[in-house]
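Novice: File protein35.cif follows (mmCIF, C-alpha atoms):
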data_final
#
loop_
_atom_site.label_atom_id
_atom_site.label_comp_id
_atom_site.auth_asym_id
_atom_site.auth_seq_id
_atom_site.Cartn_x
_atom_site.Cartn_y
_atom_site.Cartn_z
CA MET C 1 176.15 155.68 87.45
CA PRO C 2 173.27 157.74 89.00
CA LEU C 3 173.59 161.48 88.46
CA ARG C 4 173.41 162.14 92.21
CA LEU C 5 176.40 159.85 92.84
CA VAL C 6 178.34 161.56 90.05
CA ALA C 7 177.64 164.94 91.65
CA VAL C 8 178.77 163.72 95.08
CA LEU C 9 181.99 162.27 93.69
CA THR C 10 182.67 165.46 91.74
CA LEU C 11 182.17 167.55 94.89
CA CYS C 12 184.49 165.28 96.88
CA LEU C 13 187.22 165.52 94.25
CA THR C 14 186.85 169.31 94.14
CA LEU C 15 187.11 169.62 97.92
CA TRP C 16 190.13 167.28 97.96
CA ALA C 17 191.94 169.22 95.23
CA ALA C 18 191.27 172.69 96.68
CA PRO C 19 193.74 172.44 99.59
CA ALA C 20 196.40 171.03 97.27
CA LEU C 21 196.02 174.05 95.00
CA ALA C 22 196.06 176.41 97.98
CA GLU C 23 199.24 174.82 99.30
CA LYS C 24 201.23 175.47 96.14
CA PRO C 25 204.53 176.88 97.47
CA VAL C 26 205.63 180.42 96.86
CA ARG C 27 208.56 180.43 94.44
CA ILE C 28 211.13 183.23 94.36
CA LEU C 29 213.81 183.50 91.69
CA ALA C 30 217.21 184.86 92.76
CA GLY C 31 219.67 186.34 90.30
CA THR C 32 222.71 184.80 92.02
CA THR C 33 223.64 182.60 94.95
CA LEU C 34 224.35 185.72 97.03
CA VAL C 35 220.69 186.73 96.74
CA ALA C 36 219.51 183.14 97.22
CA ASP C 37 221.48 182.80 100.46
CA ALA C 38 219.79 185.86 101.98
CA LEU C 39 216.38 184.67 100.78
CA ARG C 40 216.79 181.21 102.32
CA ASP C 41 217.65 182.83 105.62
CA LEU C 42 214.84 185.40 105.64
CA CYS C 43 211.88 183.60 104.03
CA PRO C 44 209.41 181.40 105.94
CA GLU C 45 209.78 177.64 105.75
CA GLY C 46 208.38 176.07 102.60
CA VAL C 47 209.23 178.91 100.22
CA GLU C 48 211.09 177.62 97.16
CA ILE C 49 214.21 179.61 96.26
CA ARG C 50 215.59 179.08 92.77
CA VAL C 51 218.79 180.53 91.29
CA LEU C 52 219.46 181.73 87.76
CA ILE C 53 223.27 181.79 87.80
CA PRO C 54 225.20 179.09 89.72
CA GLY C 55 227.92 180.10 92.14
CA GLY C 56 230.89 178.96 90.08
CA ALA C 57 229.83 180.67 86.84
CA CYS C 58 230.90 184.07 85.56
CA PRO C 59 227.68 186.15 85.45
CA GLY C 60 228.96 188.12 82.48
CA HIS C 61 229.63 185.00 80.41
CA PHE C 62 226.89 182.70 81.67
CA ASP C 63 224.41 181.82 78.92
CA LEU C 64 220.81 181.79 80.08
CA LYS C 65 219.02 178.66 78.87
CA PRO C 66 215.52 178.23 77.37
CA GLY C 67 214.54 176.42 80.57
CA ASP C 68 215.22 179.60 82.54
CA LEU C 69 212.13 181.11 80.93
CA ALA C 70 209.99 178.65 82.88
CA LEU C 71 211.75 179.67 86.11
CA VAL C 72 210.78 183.29 85.55
CA GLN C 73 207.21 182.50 84.54
CA ASP C 74 206.74 180.26 87.58
CA ALA C 75 208.04 182.77 90.14
CA GLN C 76 205.99 185.07 92.35
CA ALA C 77 208.99 187.39 92.69
CA VAL C 78 212.28 187.89 90.86
CA ILE C 79 215.14 189.54 92.77
CA LEU C 80 218.26 190.52 90.84
CA HIS C 81 221.42 192.57 91.36
CA GLN C 82 221.43 196.07 89.91
CA TRP C 83 224.19 195.11 87.47
CA GLN C 84 222.02 192.32 86.05
CA LYS C 85 219.58 194.96 84.79
CA ASP C 86 222.11 195.93 82.12
CA MET C 87 222.69 192.38 80.85
CA ALA C 88 221.10 191.94 77.42
CA ALA C 89 220.40 188.25 78.05
CA MET C 90 218.56 189.09 81.27
CA ARG C 91 216.46 191.81 79.63
CA ASN C 92 215.52 189.43 76.82
CA LEU C 93 214.61 186.70 79.31
CA LEU C 94 212.30 188.97 81.31
CA ARG C 95 210.74 190.34 78.13
CA ALA C 96 210.07 186.83 76.84
CA ALA C 97 208.49 185.72 80.13
CA GLN C 98 205.45 187.98 79.64
CA SER C 99 204.37 187.57 83.26
CA GLU C 100 204.03 189.53 86.49
CA ALA C 101 207.66 188.62 87.16
CA LEU C 102 208.57 191.23 84.56
CA ASP C 103 208.31 193.63 87.51
CA ALA C 104 211.62 192.37 88.87
CA ASP C 105 213.23 193.91 91.93
CA TYR C 106 216.83 195.12 91.69
CA LEU C 107 219.13 195.37 94.69
CA PRO C 108 221.18 198.54 95.14
CA GLU C 109 224.82 197.67 95.80
CA PRO C 110 226.85 200.51 97.25
CA GLU C 111 229.47 198.05 98.54
CA ASN C 112 230.83 194.61 97.65
CA PRO C 113 228.23 192.12 99.02
CA MET C 114 230.90 189.52 99.79
CA LEU C 115 232.25 191.85 102.50
CA PRO C 116 230.28 192.24 105.75
CA ARG C 117 229.11 195.83 105.25
CA GLY C 118 227.96 195.08 101.72
CA GLN C 119 226.30 191.88 102.91
CA GLU C 120 224.46 193.81 105.61
CA ALA C 121 223.18 196.27 102.98
CA LEU C 122 222.11 193.40 100.70
CA THR C 123 220.27 191.71 103.59
CA ARG C 124 218.37 194.88 104.43
CA ALA C 125 217.47 195.42 100.78
CA VAL C 126 216.14 191.85 100.47
CA GLN C 127 214.21 192.38 103.71
CA GLY C 128 212.52 195.47 102.28
CA ILE C 129 211.53 193.69 99.07
CA LEU C 130 210.05 190.72 100.94
CA GLU C 131 208.08 192.91 103.33
CA ARG C 132 206.65 194.88 100.42
CA ARG C 133 205.81 191.90 98.23
CA PHE C 134 204.63 189.58 101.01
CA PRO C 135 203.21 191.75 103.83
CA ALA C 136 201.99 188.71 105.78
CA TRP C 137 205.62 187.66 106.26
CA ALA C 138 206.75 191.01 107.67
CA GLY C 139 207.19 189.96 111.30
CA HIS C 140 209.07 186.78 110.41
CA VAL C 141 211.28 188.51 107.85
CA ARG C 142 212.12 191.36 110.21
CA ALA C 143 213.16 189.01 113.01
CA ARG C 144 215.26 186.90 110.67
CA ALA C 145 216.92 190.00 109.21
CA GLU C 146 217.86 191.24 112.69
CA ALA C 147 219.40 187.85 113.55
CA ARG C 148 221.29 187.69 110.23
CA THR C 149 222.63 191.21 110.63
CA ALA C 150 223.89 190.39 114.11
CA ARG C 151 225.76 187.37 112.70
CA ILE C 152 227.24 189.47 109.91
CA LEU C 153 228.59 192.02 112.36
CA ALA C 154 230.01 189.24 114.55
CA VAL C 155 231.83 187.81 111.51
CA GLU C 156 233.15 191.28 110.71
CA ARG C 157 234.59 191.70 114.21
CA GLU C 158 236.20 188.26 114.03
CA MET C 159 237.80 189.00 110.67
CA GLU C 160 238.99 192.43 111.80
CA ALA C 161 240.91 190.72 114.62
CA ALA C 162 242.37 188.12 112.24
CA PHE C 163 243.55 190.85 109.85
CA ALA C 164 245.39 192.87 112.51
CA PRO C 165 248.84 191.34 111.73
CA LEU C 166 248.34 191.94 107.99
CA ARG C 167 247.48 195.58 108.57
CA ALA C 168 250.66 195.99 110.55
CA ALA C 169 252.86 194.34 107.88
CA ARG C 170 250.94 195.57 104.77
CA PRO C 171 252.26 192.96 102.30
CA ALA C 172 251.78 193.83 98.64
CA VAL C 173 249.59 191.84 96.24
CA LEU C 174 248.30 191.79 92.68
CA ALA C 175 244.56 191.14 92.68
CA SER C 176 241.66 190.51 90.38
CA ALA C 177 239.55 193.66 90.39
CA LEU C 178 236.76 191.63 92.02
CA GLN C 179 239.03 190.51 94.88
CA ALA C 180 240.73 193.86 95.45
CA PRO C 181 238.04 194.97 97.95
CA LEU C 182 238.83 191.95 100.15
CA ALA C 183 242.55 192.67 99.88
CA ARG C 184 242.11 196.29 100.91
CA TRP C 185 239.75 195.36 103.76
CA ALA C 186 242.40 192.93 105.03
CA GLY C 187 244.94 195.78 105.04
CA LEU C 188 247.01 194.64 102.06
CA GLU C 189 248.68 196.95 99.59
CA VAL C 190 247.15 196.35 96.16
CA ALA C 191 249.95 197.14 93.72
CA MET C 192 247.69 196.71 90.67
CA THR C 193 244.45 194.98 89.61
CA TYR C 194 243.48 192.99 86.52
CA GLY C 195 240.34 191.65 84.85
CA ARG C 196 239.40 188.45 83.05
CA PRO C 197 242.04 186.25 81.36
CA GLU C 198 241.10 187.54 77.90
CA GLU C 199 241.94 191.06 79.09
CA LEU C 200 245.51 190.09 80.03
CA THR C 201 247.17 191.41 76.90
CA PRO C 202 250.98 191.41 76.63
CA GLY C 203 251.00 195.10 77.49
CA ARG C 204 248.80 194.58 80.56
CA VAL C 205 250.89 191.63 81.72
CA GLY C 206 254.05 193.72 81.36
CA ALA C 207 252.53 196.52 83.43
CA LEU C 208 251.43 194.06 86.11
CA LEU C 209 254.89 192.52 86.32
CA GLU C 210 256.51 195.93 86.55
CA ALA C 211 254.12 196.99 89.34
CA GLY C 212 254.59 193.65 91.09
CA ARG C 213 258.37 193.87 91.12
CA ALA C 214 258.34 197.49 92.26
CA ALA C 215 256.05 196.67 95.20
CA ASN C 216 257.74 193.34 96.04
CA VAL C 217 254.44 191.50 95.61
CA VAL C 218 254.15 188.25 97.59
CA LEU C 219 250.70 187.07 96.47
CA VAL C 220 248.46 187.03 93.39
CA MET C 221 244.72 186.85 94.13
CA ASP C 222 242.58 185.38 91.33
CA ASN C 223 238.80 185.38 91.10
CA ILE C 224 237.23 181.96 90.41
CA GLN C 225 234.31 183.32 88.39
CA SER C 226 236.60 185.43 86.17
CA GLY C 227 238.93 182.52 85.51
CA ALA C 228 240.65 180.42 88.13
CA GLY C 229 244.42 180.52 87.81
CA ALA C 230 244.40 183.58 85.57
CA GLY C 231 247.33 185.09 87.46
CA ARG C 232 249.38 181.92 87.93
CA SER C 233 251.97 182.90 85.34
CA LEU C 234 252.27 186.31 86.99
CA ALA C 235 252.91 184.63 90.34
CA GLU C 236 255.56 182.36 88.83
CA GLU C 237 257.37 185.31 87.23
CA LEU C 238 257.32 187.23 90.51
CA GLY C 239 258.17 184.30 92.76
CA ALA C 240 254.88 184.91 94.58
CA ARG C 241 252.09 182.65 95.77
CA GLN C 242 248.74 182.42 93.98
CA ILE C 243 245.24 181.70 95.29
CA ASP C 244 241.75 181.39 93.76
CA LEU C 245 239.00 183.20 95.66
CA THR C 246 235.26 183.36 95.07
CA SER C 247 232.82 186.22 94.54
CA PHE C 248 229.76 184.05 95.23
CA PRO C 249 228.67 181.26 97.57
CA GLY C 250 228.49 177.82 96.00
CA ALA C 251 231.80 177.82 94.14
CA PRO C 252 234.18 176.27 96.71
CA ASP C 253 233.12 172.85 97.99
CA GLY C 254 231.20 173.14 101.25
CA ALA C 255 230.87 176.92 101.01
CA ASP C 256 227.21 177.25 100.09
CA THR C 257 226.39 180.28 102.24
CA TRP C 258 227.81 183.78 102.25
CA GLU C 259 229.53 183.23 105.59
CA GLN C 260 231.09 179.92 104.50
CA ALA C 261 232.33 181.46 101.24
CA LEU C 262 233.85 184.47 103.02
CA ARG C 263 235.52 182.23 105.59
CA ALA C 264 236.94 180.06 102.80
CA ASN C 265 238.39 183.17 101.12
CA VAL C 266 239.89 184.51 104.33
CA ARG C 267 241.33 181.12 105.27
CA LEU C 268 243.11 180.83 101.90
CA LEU C 269 244.36 184.40 102.18
CA LEU C 270 245.77 183.98 105.69
CA GLN C 271 247.36 180.63 104.86
CA ALA C 272 249.04 182.01 101.74
CA LEU C 273 250.41 185.05 103.53
CA ALA C 274 251.56 183.03 106.53
CA GLY C 275 253.68 180.99 104.12
CA ALA C 276 254.98 184.14 102.46
#
Produce structure tokens that represent the structure in this file.

Specialist:
Amino acid sequence: MPLRLVAVLTLCLTLWAAPALAEKPVRILAGTTLVADALRDLCPEGVEIRVLIPGGACPGHFDLKPGDLALVQDAQAVILHQWQKDMAAMRNLLRAAQSEALDADYLPEPENPMLPRGQEALTRAVQGILERRFPAWAGHVRARAEARTARILAVEREMEAAFAPLRAARPAVLASALQAPLARWAGLEVAMTYGRPEELTPGRVGALLEAGRAANVVLVMDNIQSGAGAGRSLAEELGARQIDLTSFPGAPDGADTWEQALRANVRLLLQALAGA
């Protein structure tokens, strides 16, 4: 093949490949489905959002896999919750990645991000990170954040109205520590909280039953990620109802966004208390 033809073909292949390389999508790694949901809403179209910990898993017990190292190394940004900073497995993963993603961003969480005010704070924090890391997106991200915040506040007003009867009656419940904020927001009396199933020692169970009987508890609120059904035996002893609620989107079927997951929780709560 003549050298000139080889040169022309090489140039053509180079020019053809250049746009493909330039069009490589931006990839952002989210610590949980709560972060991923905000990112999908705020980022421009075409950005790939990947999640480290699935919605149904307990973050404290979830084992990071060797394949997660590739997720970190392939990401242009890594956005995690503040509490993930203290997880040994997460620190080891970021250390092993040896990439720019080691400069992970951590979200401050003054309130529970499953509740509207906490979700608003999380949205604004994600907005700030995106505007700083990707300045060209600033206008798009800002507009999307304003629209998302408006929806969050609308959901809050709707839930406040739905909770009005509960606040008047103030039924008593036992609740997973991770679901107690929802219970208190709804206006329920939280007689006592509990942790993961392995923390329910005989002494703790006895204290929970004593508190439940004293407060005439009508409902036990479990947290799916801590262990679905952890409080079922408590409910049976107290003659109360029991429900499993989620701390993250993606655990209940069809509840893949923050709003869907919150609505699923509230629906279960209202149905259980209507029956009680």

Novice: Once the PyMOL selection byres ((chain C and resi 159) around 10) has been evaluated on this model, what residues remain selected, and can you format them as a ChimeraX atom specification?

Specialist: /C:116,153-158,160-164,185-186,262-263,266

Novice: So which residues get picked by the PyMOL selection byres ((chain C and resi 134-136) around 12) here, written as a PyMOL selection string?

Specialist: chain C and resi 26-28+42-44+47+76-77+126-133+137-142

Novice: Just write the chosen residues, C-alpha atoms, as a PDB file, in the coordinates of the input.

Specialist:
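As written to disk, again.pdb reads:
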ATOM      1  CA  VAL C  26     205.630 180.420  96.860  1.00  0.00           C
ATOM      2  CA  ARG C  27     208.560 180.430  94.440  1.00  0.00           C
ATOM      3  CA  ILE C  28     211.130 183.230  94.360  1.00  0.00           C
ATOM      4  CA  LEU C  42     214.840 185.400 105.640  1.00  0.00           C
ATOM      5  CA  CYS C  43     211.880 183.600 104.030  1.00  0.00           C
ATOM      6  CA  PRO C  44     209.410 181.400 105.940  1.00  0.00           C
ATOM      7  CA  VAL C  47     209.230 178.910 100.220  1.00  0.00           C
ATOM      8  CA  GLN C  76     205.990 185.070  92.350  1.00  0.00           C
ATOM      9  CA  ALA C  77     208.990 187.390  92.690  1.00  0.00           C
ATOM     10  CA  VAL C 126     216.140 191.850 100.470  1.00  0.00           C
ATOM     11  CA  GLN C 127     214.210 192.380 103.710  1.00  0.00           C
ATOM     12  CA  GLY C 128     212.520 195.470 102.280  1.00  0.00           C
ATOM     13  CA  ILE C 129     211.530 193.690  99.070  1.00  0.00           C
ATOM     14  CA  LEU C 130     210.050 190.720 100.940  1.00  0.00           C
ATOM     15  CA  GLU C 131     208.080 192.910 103.330  1.00  0.00           C
ATOM     16  CA  ARG C 132     206.650 194.880 100.420  1.00  0.00           C
ATOM     17  CA  ARG C 133     205.810 191.900  98.230  1.00  0.00           C
ATOM     18  CA  TRP C 137     205.620 187.660 106.260  1.00  0.00           C
ATOM     19  CA  ALA C 138     206.750 191.010 107.670  1.00  0.00           C
ATOM     20  CA  GLY C 139     207.190 189.960 111.300  1.00  0.00           C
ATOM     21  CA  HIS C 140     209.070 186.780 110.410  1.00  0.00           C
ATOM     22  CA  VAL C 141     211.280 188.510 107.850  1.00  0.00           C
ATOM     23  CA  ARG C 142     212.120 191.360 110.210  1.00  0.00           C
TER      24      ARG C 142
END

Novice: Using all atoms listed in the file, which of the listed residues (C:Ile224, C:Ala215, C:Val78, C:Ala168) sits closest to C:Pro59?

Specialist: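 Checking each candidate against C:Pro59, we get C:Ile224 as the closest.
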
Novice: Which residue gives the smallest distance to C:Ser233 among C:Gly250, C:Ala147, C:Leu268, C:Pro197, with all atoms listed in the file counted?

Specialist: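 Selected residue with least distance to C:Ser233: C:Pro197.
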
Novice: Let me know the residues the PyMOL selection byres ((chain C and resi 177) around 12) catches in the file above, as a ChimeraX atom specification.

Specialist: /C:112,173-176,178-184,190-197,199,220-226,231,245,247

Novice: Go ahead and compute the interatomic distance for atom CA of C:Gly206 and atom CA of C:Val218, in Å to one decimal.

Specialist: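 Atom-to-atom, atom CA of C:Gly206 to atom CA of C:Val218, that is 17.1 Å.
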
Novice: Pick the closest to C:Arg204 from C:Met87, C:Leu234, C:Val217, C:Ile49: which is it, counting only C-alpha atoms?

Specialist: C:Leu234

Novice: Between atom CA of C:Ala38 and atom CA of C:Pro54, measure the distance and give it in Å to one decimal.

Specialist: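 Distance reported for this atom pair: 15.0 Å.
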
Novice: Could you check how far atom CA of C:Asp244 sits from atom CA of C:Leu273, in Å to one decimal?

Specialist: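 Atom CA of C:Leu273 lies 13.6 Å from atom CA of C:Asp244.
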
Novice: Name the closest residue to C:Ala235 among the candidates C:Gly46, C:Gly55, C:Asn216, C:Asp37; distances are taken between atoms, counting all atoms listed in the file.

Specialist: C:Asn216

Novice: Kindly indicate which residue among C:Ala143, C:Leu115, C:Ala261, C:Ala57 lies nearest to C:Gly227, using all atoms listed in the file for the distances.

Specialist: C:Ala57

Novice: Smallest atom-to-atom distance to C:Ala251: which of C:Arg117, C:Cys58, C:Leu52, C:Asp74, using only C-alpha atoms?

Specialist: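 Among the listed residues, C:Cys58 lies closest to C:Ala251.
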
Novice: Please tell me which residues are no farther than 10 Å from (218.5, 195.4, 91.3) in the file, counting all atoms listed in the file, and write them as a ChimeraX atom specification.

Specialist: /C:31,78-86,104-109,125

Novice: Output C-alpha atoms for every residue in that selection, as a short mmCIF file (atom, residue, chain, number, x, y, z; two decimals), keeping the file's coordinate frame.

Specialist:
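Saved the output as part_18.cif:
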data_model
loop_
_atom_site.label_atom_id
_atom_site.label_comp_id
_atom_site.auth_asym_id
_atom_site.auth_seq_id
_atom_site.Cartn_x
_atom_site.Cartn_y
_atom_site.Cartn_z
CA GLY C 31 219.67 186.34 90.30
CA VAL C 78 212.28 187.89 90.86
CA ILE C 79 215.14 189.54 92.77
CA LEU C 80 218.26 190.52 90.84
CA HIS C 81 221.42 192.57 91.36
CA GLN C 82 221.43 196.07 89.91
CA TRP C 83 224.19 195.11 87.47
CA GLN C 84 222.02 192.32 86.05
CA LYS C 85 219.58 194.96 84.79
CA ASP C 86 222.11 195.93 82.12
CA ALA C 104 211.62 192.37 88.87
CA ASP C 105 213.23 193.91 91.93
CA TYR C 106 216.83 195.12 91.69
CA LEU C 107 219.13 195.37 94.69
CA PRO C 108 221.18 198.54 95.14
CA GLU C 109 224.82 197.67 95.80
CA ALA C 125 217.47 195.42 100.78
#
